[in-house]
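Pasted below: entry.pdb, PDB, C-alpha atoms.
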ATOM      1  CA  MET L   9     155.805  67.308 101.419
ATOM      2  CA  THR L  10     156.147  67.670  97.722
ATOM      3  CA  VAL L  11     153.767  69.575  95.524
ATOM      4  CA  VAL L  12     153.131  67.998  92.195
ATOM      5  CA  ARG L  13     152.557  70.598  89.528
ATOM      6  CA  GLU L  14     150.588  69.698  86.522
ATOM      7  CA  ARG L  15     152.100  70.602  83.226
ATOM      8  CA  THR L  16     149.730  72.608  81.151
ATOM      9  CA  THR L  17     150.162  72.107  77.478
ATOM     10  CA  PRO L  18     148.969  74.800  75.131
ATOM     11  CA  ARG L  19     145.825  73.998  73.264
ATOM     12  CA  PRO L  20     146.242  73.596  69.584
ATOM     13  CA  LEU L  21     144.942  76.514  67.553
ATOM     14  CA  THR L  22     141.817  75.595  65.711
ATOM     15  CA  ARG L  23     140.714  77.308  62.548
ATOM     16  CA  PRO L  24     137.105  78.381  62.272
ATOM     17  CA  PRO L  25     135.082  76.131  60.083
ATOM     18  CA  ARG L  26     134.981  77.167  56.487
ATOM     19  CA  ARG L  27     131.706  78.336  55.115
ATOM     20  CA  PRO L  28     130.405  76.464  52.153
ATOM     21  CA  ARG L  29     131.127  78.229  48.906
ATOM     22  CA  GLY L  30     127.820  77.458  47.254
ATOM     23  CA  PRO L  31     125.604  79.841  49.242
ATOM     24  CA  VAL L  32     128.243  82.582  49.011
ATOM     25  CA  ARG L  33     128.236  82.383  45.255
ATOM     26  CA  ARG L  34     124.443  82.421  45.185
ATOM     27  CA  ALA L  35     124.400  85.448  47.483
ATOM     28  CA  THR L  36     126.890  87.259  45.268
ATOM     29  CA  ALA L  37     124.869  86.468  42.200
ATOM     30  CA  SER L  38     121.640  87.585  43.833
ATOM     31  CA  GLY L  39     123.350  90.805  45.002
ATOM     32  CA  ALA L  40     124.401  91.662  41.449
ATOM     33  CA  TRP L  41     121.009  90.852  39.956
ATOM     34  CA  PRO L  42     119.338  94.217  40.884
ATOM     35  CA  TYR L  43     122.185  96.121  39.214
ATOM     36  CA  LEU L  44     121.736  94.043  36.078
ATOM     37  CA  LEU L  45     118.041  94.881  36.067
ATOM     38  CA  VAL L  46     118.573  98.641  36.298
ATOM     39  CA  ALA L  47     121.536  98.635  33.897
ATOM     40  CA  PRO L  48     119.410  99.116  30.715
ATOM     41  CA  ALA L  49     117.632 102.111  32.241
ATOM     42  CA  VAL L  50     120.930 103.651  33.389
ATOM     43  CA  LEU L  51     122.546 103.111  29.996
ATOM     44  CA  GLY L  52     119.529 104.584  28.240
ATOM     45  CA  MET L  53     119.616 107.629  30.519
ATOM     46  CA  LEU L  54     123.327 108.112  29.866
ATOM     47  CA  TYR L  55     122.768 107.918  26.123
ATOM     48  CA  LEU L  56     119.692 110.164  26.007
ATOM     49  CA  LEU L  57     120.710 112.753  28.624
ATOM     50  CA  VAL L  58     124.416 112.744  29.416
ATOM     51  CA  TYR L  59     125.694 112.266  25.868
ATOM     52  CA  PRO L  60     123.659 115.144  24.332
ATOM     53  CA  LEU L  61     124.680 117.403  27.214
ATOM     54  CA  GLY L  62     128.344 116.551  26.762
ATOM     55  CA  ARG L  63     128.034 117.015  22.996
ATOM     56  CA  ALA L  64     126.457 120.446  23.474
ATOM     57  CA  VAL L  65     129.238 121.471  25.860
ATOM     58  CA  LEU L  66     131.837 120.377  23.306
ATOM     59  CA  ILE L  67     130.170 122.264  20.429
ATOM     60  CA  SER L  68     129.924 125.429  22.538
ATOM     61  CA  PHE L  69     133.752 125.583  22.567
ATOM     62  CA  GLN L  70     134.122 124.987  18.824
ATOM     63  CA  ASP L  71     133.609 126.814  15.565
ATOM     64  CA  PHE L  72     130.631 124.708  14.529
ATOM     65  CA  GLY L  73     128.475 125.845  11.613
ATOM     66  CA  LEU L  74     126.764 124.129   8.703
ATOM     67  CA  ARG L  75     130.090 123.246   7.073
ATOM     68  CA  GLN L  76     131.371 121.600  10.248
ATOM     69  CA  LEU L  77     128.085 119.739  10.650
ATOM     70  CA  ILE L  78     128.536 118.154   7.204
ATOM     71  CA  LEU L  79     132.302 117.728   6.965
ATOM     72  CA  GLY L  80     133.141 117.377  10.664
ATOM     73  CA  ASP L  81     136.252 119.580  10.616
ATOM     74  CA  ALA L  82     135.367 121.698  13.659
ATOM     75  CA  HIS L  83     138.186 123.236  15.657
ATOM     76  CA  PHE L  84     138.269 124.635  19.167
ATOM     77  CA  THR L  85     137.912 128.374  19.702
ATOM     78  CA  GLY L  86     137.955 128.501  23.505
ATOM     79  CA  PHE L  87     135.501 130.931  25.063
ATOM     80  CA  ASP L  88     134.961 132.963  21.876
ATOM     81  CA  ASN L  89     131.334 131.850  21.549
ATOM     82  CA  TYR L  90     130.546 132.841  25.123
ATOM     83  CA  THR L  91     132.307 136.184  24.630
ATOM     84  CA  THR L  92     130.238 136.836  21.513
ATOM     85  CA  LEU L  93     127.008 136.075  23.371
ATOM     86  CA  LEU L  94     127.823 138.066  26.480
ATOM     87  CA  SER L  95     128.756 141.105  24.384
ATOM     88  CA  ASP L  96     125.483 141.017  22.400
ATOM     89  CA  PRO L  97     122.868 143.522  23.698
ATOM     90  CA  ARG L  98     120.055 141.383  22.268
ATOM     91  CA  PHE L  99     121.189 138.470  24.423
ATOM     92  CA  TRP L 100     120.863 140.497  27.632
ATOM     93  CA  THR L 101     117.439 141.733  26.533
ATOM     94  CA  VAL L 102     116.378 138.117  26.106
ATOM     95  CA  VAL L 103     117.790 137.245  29.538
ATOM     96  CA  ARG L 104     115.765 140.010  31.205
ATOM     97  CA  ARG L 105     112.640 138.940  29.345
ATOM     98  CA  THR L 106     113.238 135.331  30.417
ATOM     99  CA  PHE L 107     113.397 136.275  34.090
ATOM    100  CA  LEU L 108     110.314 138.476  33.716
ATOM    101  CA  PHE L 109     108.406 135.644  32.037
ATOM    102  CA  MET L 110     109.516 133.207  34.743
ATOM    103  CA  ALA L 111     108.659 135.553  37.629
ATOM    104  CA  VAL L 112     105.153 136.374  36.366
ATOM    105  CA  ASP L 113     104.402 132.713  35.667
ATOM    106  CA  VAL L 114     105.711 131.417  38.992
ATOM    107  CA  VAL L 115     103.881 134.036  41.076
ATOM    108  CA  LEU L 116     100.580 133.311  39.332
ATOM    109  CA  ILE L 117     101.087 129.530  39.421
ATOM    110  CA  MET L 118     101.940 129.358  43.118
ATOM    111  CA  GLY L 119      99.208 131.804  44.128
ATOM    112  CA  LEU L 120      96.448 130.109  42.134
ATOM    113  CA  SER L 121      97.653 126.620  43.058
ATOM    114  CA  THR L 122      97.603 127.435  46.767
ATOM    115  CA  LEU L 123      94.090 128.848  46.532
ATOM    116  CA  VAL L 124      92.863 125.832  44.543
ATOM    117  CA  ALA L 125      94.481 123.400  47.012
ATOM    118  CA  LEU L 126      92.859 125.159  49.978
ATOM    119  CA  MET L 127      89.505 125.148  48.196
ATOM    120  CA  VAL L 128      89.721 121.436  47.348
ATOM    121  CA  GLU L 129      90.560 120.646  50.974
ATOM    122  CA  ARG L 130      87.277 122.241  52.110
ATOM    123  CA  LEU L 131      85.026 120.694  49.463
ATOM    124  CA  GLY L 132      82.835 117.676  49.978
ATOM    125  CA  ARG L 133      83.766 114.306  48.619
ATOM    126  CA  ALA L 134      81.781 114.574  45.373
ATOM    127  CA  TRP L 135      82.939 118.085  44.499
ATOM    128  CA  ARG L 136      86.514 117.240  45.503
ATOM    129  CA  THR L 137      86.499 114.281  43.125
ATOM    130  CA  ALA L 138      85.109 116.417  40.299
ATOM    131  CA  VAL L 139      87.676 119.188  40.769
ATOM    132  CA  LEU L 140      90.607 116.776  41.059
ATOM    133  CA  SER L 141      89.440 114.923  37.947
ATOM    134  CA  ALA L 142      89.274 118.185  36.008
ATOM    135  CA  LEU L 143      92.772 119.087  37.181
ATOM    136  CA  VAL L 144      94.151 115.714  36.127
ATOM    137  CA  LEU L 145      92.534 115.949  32.684
ATOM    138  CA  THR L 146      93.939 119.447  32.194
ATOM    139  CA  TRP L 147      97.364 118.275  33.276
ATOM    140  CA  ALA L 148      97.213 115.261  30.933
ATOM    141  CA  MET L 149      96.459 117.336  27.825
ATOM    142  CA  PRO L 150      99.435 117.334  25.428
ATOM    143  CA  VAL L 151     101.313 120.612  25.256
ATOM    144  CA  VAL L 152     100.997 120.969  21.485
ATOM    145  CA  ALA L 153      97.253 120.267  21.601
ATOM    146  CA  ALA L 154      96.689 122.847  24.336
ATOM    147  CA  THR L 155      98.779 125.410  22.444
ATOM    148  CA  THR L 156      96.767 124.807  19.273
ATOM    149  CA  VAL L 157      93.529 125.323  21.204
ATOM    150  CA  PHE L 158      94.801 128.661  22.501
ATOM    151  CA  GLN L 159      95.783 129.657  18.975
ATOM    152  CA  TRP L 160      92.201 129.125  17.818
ATOM    153  CA  LEU L 161      90.758 130.839  20.888
ATOM    154  CA  PHE L 162      92.662 134.043  20.072
ATOM    155  CA  HIS L 163      92.404 133.823  16.286
ATOM    156  CA  SER L 164      91.781 137.254  14.790
ATOM    157  CA  GLU L 165      88.861 136.178  12.582
ATOM    158  CA  PHE L 166      87.488 132.910  13.953
ATOM    159  CA  GLY L 167      88.559 133.106  17.604
ATOM    160  CA  ILE L 168      85.890 132.787  20.264
ATOM    161  CA  VAL L 169      87.574 135.468  22.395
ATOM    162  CA  ASN L 170      87.085 138.181  19.779
ATOM    163  CA  HIS L 171      83.561 136.937  19.082
ATOM    164  CA  THR L 172      82.647 137.080  22.784
ATOM    165  CA  LEU L 173      84.162 140.512  23.381
ATOM    166  CA  THR L 174      82.467 141.902  20.276
ATOM    167  CA  GLY L 175      79.158 140.454  21.429
ATOM    168  CA  LEU L 176      79.564 142.174  24.805
ATOM    169  CA  GLY L 177      79.852 145.544  23.071
ATOM    170  CA  PHE L 178      83.638 145.893  22.719
ATOM    171  CA  SER L 179      83.614 146.584  19.002
ATOM    172  CA  SER L 180      87.318 147.467  18.968
ATOM    173  CA  PHE L 181      88.153 143.762  19.367
ATOM    174  CA  GLU L 182      86.517 142.796  16.077
ATOM    175  CA  GLY L 183      89.313 141.129  14.090
ATOM    176  CA  TYR L 184      91.877 142.089  16.732
ATOM    177  CA  PRO L 185      95.214 140.335  15.963
ATOM    178  CA  TRP L 186      96.275 139.200  19.426
ATOM    179  CA  LEU L 187      99.442 137.417  18.347
ATOM    180  CA  ALA L 188     100.603 140.369  16.245
ATOM    181  CA  HIS L 189     101.001 142.630  19.304
ATOM    182  CA  GLY L 190     103.919 141.948  21.635
ATOM    183  CA  PRO L 191     102.283 142.584  25.049
ATOM    184  CA  ALA L 192      99.135 140.695  24.030
ATOM    185  CA  ALA L 193     101.123 137.689  22.772
ATOM    186  CA  PHE L 194     103.233 137.741  25.947
ATOM    187  CA  ALA L 195     100.095 137.765  28.124
ATOM    188  CA  ILE L 196      98.533 134.898  26.138
ATOM    189  CA  LEU L 197     101.645 132.751  26.581
ATOM    190  CA  VAL L 198     101.719 133.514  30.305
ATOM    191  CA  THR L 199      98.071 132.462  30.547
ATOM    192  CA  LEU L 200      98.778 129.252  28.637
ATOM    193  CA  VAL L 201     101.769 128.263  30.791
ATOM    194  CA  VAL L 202      99.889 129.069  34.005
ATOM    195  CA  TRP L 203      96.842 127.079  32.849
ATOM    196  CA  GLN L 204      99.028 124.050  32.100
ATOM    197  CA  SER L 205     101.077 124.268  35.313
ATOM    198  CA  VAL L 206      98.425 124.939  37.967
ATOM    199  CA  PRO L 207      96.997 121.361  38.014
ATOM    200  CA  PHE L 208     100.281 119.689  39.007
ATOM    201  CA  ALA L 209     101.109 122.307  41.628
ATOM    202  CA  ALA L 210      97.575 122.334  43.059
ATOM    203  CA  ILE L 211      97.367 118.537  43.359
ATOM    204  CA  THR L 212     100.800 118.365  44.995
ATOM    205  CA  LEU L 213      99.982 121.131  47.478
ATOM    206  CA  TYR L 214      96.616 119.530  48.256
ATOM    207  CA  SER L 215      98.416 116.276  49.059
ATOM    208  CA  ALA L 216     100.679 118.206  51.434
ATOM    209  CA  LEU L 217      97.697 119.907  53.090
ATOM    210  CA  THR L 218      96.174 116.536  53.937
ATOM    211  CA  THR L 219      99.177 115.823  56.196
ATOM    212  CA  VAL L 220      98.416 118.735  58.525
ATOM    213  CA  PRO L 221      96.741 117.357  61.704
ATOM    214  CA  ALA L 222      93.194 118.608  62.213
ATOM    215  CA  GLU L 223      93.901 119.071  65.943
ATOM    216  CA  LEU L 224      96.223 121.965  65.142
ATOM    217  CA  TYR L 225      93.484 123.775  63.227
ATOM    218  CA  GLU L 226      91.026 123.172  66.047
ATOM    219  CA  ALA L 227      93.447 124.458  68.681
ATOM    220  CA  ALA L 228      94.187 127.565  66.612
ATOM    221  CA  ARG L 229      90.462 128.320  66.220
ATOM    222  CA  ILE L 230      89.917 127.913  69.949
ATOM    223  CA  ASP L 231      92.710 130.428  70.560
ATOM    224  CA  GLY L 232      90.860 132.868  68.291
ATOM    225  CA  ALA L 233      93.321 132.883  65.398
ATOM    226  CA  SER L 234      92.026 134.226  62.096
ATOM    227  CA  TRP L 235      92.207 132.273  58.844
ATOM    228  CA  PRO L 236      95.281 134.155  57.503
ATOM    229  CA  ARG L 237      97.034 133.657  60.858
ATOM    230  CA  ILE L 238      96.209 129.941  60.832
ATOM    231  CA  PHE L 239      97.625 129.583  57.340
ATOM    232  CA  ARG L 240     100.768 131.554  58.200
ATOM    233  CA  SER L 241     101.486 129.953  61.588
ATOM    234  CA  VAL L 242     100.075 126.425  61.254
ATOM    235  CA  THR L 243      99.704 125.365  57.628
ATOM    236  CA  LEU L 244     102.681 126.987  55.957
ATOM    237  CA  PRO L 245     105.405 125.722  58.353
ATOM    238  CA  ILE L 246     104.259 122.131  57.859
ATOM    239  CA  VAL L 247     103.867 122.206  54.076
ATOM    240  CA  ARG L 248     106.902 124.455  53.499
ATOM    241  CA  PRO L 249     109.224 121.660  52.196
ATOM    242  CA  ILE L 250     106.661 120.586  49.587
ATOM    243  CA  PHE L 251     105.870 124.208  48.785
ATOM    244  CA  MET L 252     109.549 124.953  48.179
ATOM    245  CA  LEU L 253     109.902 121.819  46.050
ATOM    246  CA  VAL L 254     106.957 122.795  43.844
ATOM    247  CA  LEU L 255     108.279 126.359  43.646
ATOM    248  CA  SER L 256     111.688 125.147  42.451
ATOM    249  CA  LEU L 257     110.151 122.816  39.872
ATOM    250  CA  GLU L 258     107.933 125.566  38.501
ATOM    251  CA  VAL L 259     110.883 127.938  38.262
ATOM    252  CA  ILE L 260     112.784 125.365  36.213
ATOM    253  CA  TRP L 261     109.824 124.420  33.995
ATOM    254  CA  THR L 262     108.821 127.994  33.206
ATOM    255  CA  PHE L 263     112.435 129.052  32.725
ATOM    256  CA  LYS L 264     112.880 126.469  29.958
ATOM    257  CA  ALA L 265     109.440 126.844  28.361
ATOM    258  CA  PHE L 266     109.903 126.321  24.647
ATOM    259  CA  VAL L 267     107.167 124.289  22.980
ATOM    260  CA  GLN L 268     104.347 126.729  23.737
ATOM    261  CA  ILE L 269     106.277 129.748  22.470
ATOM    262  CA  TRP L 270     107.708 128.011  19.416
ATOM    263  CA  VAL L 271     104.368 126.589  18.274
ATOM    264  CA  MET L 272     102.373 129.778  18.886
ATOM    265  CA  THR L 273     104.674 132.696  18.033
ATOM    266  CA  ARG L 274     108.209 131.364  17.334
ATOM    267  CA  GLY L 275     109.432 134.177  19.552
ATOM    268  CA  GLY L 276     107.545 136.949  17.741
ATOM    269  CA  PRO L 277     106.271 139.414  16.983
ATOM    270  CA  GLY L 278     109.808 140.691  16.756
ATOM    271  CA  ASP L 279     111.440 139.485  19.957
ATOM    272  CA  ALA L 280     108.433 140.133  22.204
ATOM    273  CA  THR L 281     108.120 136.488  23.316
ATOM    274  CA  THR L 282     111.716 135.310  22.814
ATOM    275  CA  ILE L 283     113.245 133.765  25.924
ATOM    276  CA  LEU L 284     116.549 131.922  26.280
ATOM    277  CA  PRO L 285     115.517 128.463  24.958
ATOM    278  CA  VAL L 286     113.824 130.065  21.939
ATOM    279  CA  TYR L 287     116.824 132.336  21.422
ATOM    280  CA  ALA L 288     119.158 129.330  21.398
ATOM    281  CA  VAL L 289     117.100 127.540  18.747
ATOM    282  CA  GLN L 290     116.747 130.696  16.659
ATOM    283  CA  THR L 291     120.494 131.250  16.745
ATOM    284  CA  ALA L 292     121.276 127.647  15.849
ATOM    285  CA  LEU L 293     118.706 127.245  13.046
ATOM    286  CA  SER L 294     118.318 130.637  11.401
ATOM    287  CA  GLY L 295     122.026 131.460  11.116
ATOM    288  CA  GLN L 296     123.380 127.880  11.252
ATOM    289  CA  ARG L 297     125.485 128.989  14.241
ATOM    290  CA  TYR L 298     125.189 125.789  16.229
ATOM    291  CA  ASP L 299     128.130 126.832  18.381
ATOM    292  CA  LEU L 300     126.387 130.003  19.573
ATOM    293  CA  GLY L 301     123.154 128.074  20.084
ATOM    294  CA  SER L 302     124.961 125.506  22.219
ATOM    295  CA  ALA L 303     126.636 128.266  24.229
ATOM    296  CA  ALA L 304     123.241 129.888  24.867
ATOM    297  CA  SER L 305     121.885 126.506  25.978
ATOM    298  CA  MET L 306     124.791 126.049  28.384
ATOM    299  CA  ILE L 307     124.160 129.473  29.903
ATOM    300  CA  THR L 308     120.521 128.488  30.359
ATOM    301  CA  VAL L 309     121.596 125.272  32.106
ATOM    302  CA  LEU L 310     123.927 127.218  34.395
ATOM    303  CA  LEU L 311     121.184 129.654  35.357
ATOM    304  CA  MET L 312     118.774 126.798  36.130
ATOM    305  CA  SER L 313     121.504 125.039  38.104
ATOM    306  CA  GLY L 314     121.818 128.161  40.222
ATOM    307  CA  VAL L 315     118.138 127.827  41.098
ATOM    308  CA  LEU L 316     118.679 124.197  42.108
ATOM    309  CA  VAL L 317     121.657 125.109  44.278
ATOM    310  CA  ALA L 318     119.595 127.771  46.049
ATOM    311  CA  TYR L 319     116.797 125.270  46.651
ATOM    312  CA  PHE L 320     119.079 122.570  48.055
ATOM    313  CA  ARG L 321     120.787 125.076  50.342
ATOM    314  CA  GLN L 322     117.394 126.102  51.682
ATOM    315  CA  MET L 323     116.359 122.465  52.115
ATOM    316  CA  PHE L 324     119.554 121.535  53.969
ATOM    317  CA  ARG L 325     119.182 124.600  56.185
ATOM    318  CA  GLN L 326     115.657 123.509  57.123
ATOM    319  CA  GLU L 327     116.872 119.987  57.879
ATOM    320  CA  GLY L 328     119.595 121.423  60.117
ATOM    321  CA  GLU L 329     117.042 123.489  62.022
ATOM    322  CA  LEU L 330     114.896 120.396  62.538
TER     323      LEU L 330
END
Can the structure in the file be given as structure tokens, please?
Amino acid sequence: MTVVRERTTPRPLTRPPRRPRGPVRRATASGAWPYLLVAPAVLGMLYLLVYPLGRAVLISFQDFGLRQLILGDAHFTGFDNYTTLLSDPRFWTVVRRTFLFMAVDVVLIMGLSTLVALMVERLGRAWRTAVLSALVLTWAMPVVAATTVFQWLFHSEFGIVNHTLTGLGFSSFEGYPWLAHGPAAFAILVTLVVWQSVPFAAITLYSALTTVPAELYEAARIDGASWPRIFRSVTLPIVRPIFMLVLSLEVIWTFKAFVQIWVMTRGGPGDATTILPVYAVQTALSGQRYDLGSAASMITVLLMSGVLVAYFRQMFRQEGEL
């Protein structure tokens, strides 16, 4: 008996069908279209932000005065400008005053903003709308306009503050020159910056408070927890990321406050209200030492970057714990 074996022939290899090129080209074009749309904004940002920053860094390493500004024959001096700044006692006095100004502002801003946010959360709908509207209007006021209003409020002859205090029996405040005394001018600027910054922080914190479930508050009250304990154990852990974000933003904004101080006192009287941004402009404009002014600006940027690094480390640590 013979067994007939069938010969199996290998099947020819078949290539997968080719995809039509038309849709691929349309998909590629449609994929590039969003980048083309955002390209003008990116180019504008590079020109308005990155280029001035790079130019300032370059000038900080050069001998760049009025002559170099006109003729353009600046030459590199290495770290001489930074050495000159760091060896100047006035510079370190300004640095300490900057941190003092920032600390006082941030503590007052965060404390008042938290209280305002908690108050708004407990108000009725009509009062909540009125308070939020007032906060938005205060926040929307231009910085120069608000600074001018404060200048008139504390004017020595026509200011309403002196008029009110004199009417209440404090005759020593008649014609009192607030902006001519260092501590008084410092306190006025702190009040101005706090008044302008509280609305943003309060609205942001109120938005974070609305995300806390009401069931947690109810359970804490049933357990007999007091209001401070509820805030510390229930509210604060939930709103902590937003709280830290607002805190970091306020640190940066108060650290680089310039317009209010420059319009109201220009850093005076003396150096009583001079902080790092004002010091940089004074150095660049009064003595035409644009190199030292740029170096002071770069030190300010480095100090603010340190704050950002600390914030991001804290944020990443919280994400790791979660």
May I have the residues within 12 Å of L:Leu77 as a PyMOL selection string, using all atoms listed in the file and disregarding those fewer than 2 positions away in the same chain? chain L and resi 67+70-75+79-83+292+296-299
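Within the 8 Å cut-off around L:Gly276, using only C-alpha atoms and omitting residues fewer than 5 positions from it on the same chain, the listed residues are L:Ala188, L:Gly190, L:Thr281, L:Thr282.
Taking atom CA of L:Phe266 as the reference point, atom CA of L:Leu187 is found at 16.5 Å.
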Quick one: which residues end up in the PyMOL selection byres ((chain L and resi 238-249) around 9) for this structure, as a ChimeraX atom specification? /L:213,216-217,219-220,224-225,228-229,233-237,250-254,323,326
Near L:Leu310, counting all atoms listed in the file, which residues have an atom at most 12 Å away, once you skip same-chain residues fewer than 6 positions from it, shown as a ChimeraX atom specification? /L:65,260,263-264,284,303-304,316-317
Using the file's own x, y and z axes, what box holds all listed atoms of stretch 299-313 of chain L with 8 Å on each side, keeping edges along x, y and z, and what are its centre and edge lengths in Å to one decimal, as AutoDock Vina command-line options?
--center_x 123.5 --center_y 127.5 --center_z 28.2 --size_x 25.4 --size_y 21.0 --size_z 35.7
What does the distance between atom CA of L:Ala192 and atom CA of L:Thr156 come to in Å, to one decimal place? 16.8 Å
Students should find that atom CA of L:Val103 and atom CA of L:Gln159 are spaced 25.6 Å
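Note on the selection: in this file the PyMOL selection byres ((chain L and resi 167) around 12) comes out as L:Thr156, L:Val157, L:Phe158, L:Gln159, L:Trp160, L:Leu161, L:Phe162, L:His163, L:Ser164, L:Glu165, L:Phe166, L:Ile168, L:Val169, L:Asn170, L:His171, L:Thr172, L:Leu173, L:Thr174, L:Phe181, L:Glu182, L:Gly183, L:Tyr184, L:Pro185, L:Trp186, L:Leu187.
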Step by step, work through what the PyMOL selection byres ((chain L and resi 138-143) around 9) selects in the shown file, and finish by giving those residues as a PyMOL selection string. chain L and resi 128+133-137+144-148+206-208+210-211
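Neighbours of L:Leu116 closer than or equal to 12 Å, with all atoms listed in the file counted and sequence neighbours fewer than 6 positions away skipped, come out as Phe109, Met110, Thr122, Leu123, Val124, Val198, Thr199, Leu200, Val201, Val202, Trp203, Gln204, Ser205, Val206, Ala209, Ala210, Leu255, Glu258, Val259 and Thr262 of chain L.
Each of L:Leu57, L:Leu93, L:Ala154, L:Val50 was compared to L:Ser302 using all atoms listed in the file, and L:Leu93 turns out to be the nearest.
Among L:Val58, L:Met272, L:Val114, L:Met306, the residue with the shortest atom-to-atom distance to L:Pro285, counting only C-alpha atoms, is L:Met306.
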Quick one: residues within 10 Å of L:Pro191, all atoms listed in the file, excluding same-chain residues fewer than 6 positions away - as a VMD selection string? chain L and resid 197 277 280 to 281
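Nearest to L:Phe107 of all the residues L:Ala265, L:Ser294, L:Glu223, L:Ser215 is L:Ala265, counting only C-alpha atoms.
Each of L:Arg274, L:Ser68, L:Met53, L:Gly132 was checked against L:Tyr90 using all atoms listed in the file; the smallest atom-to-atom distance is that of L:Ser68.
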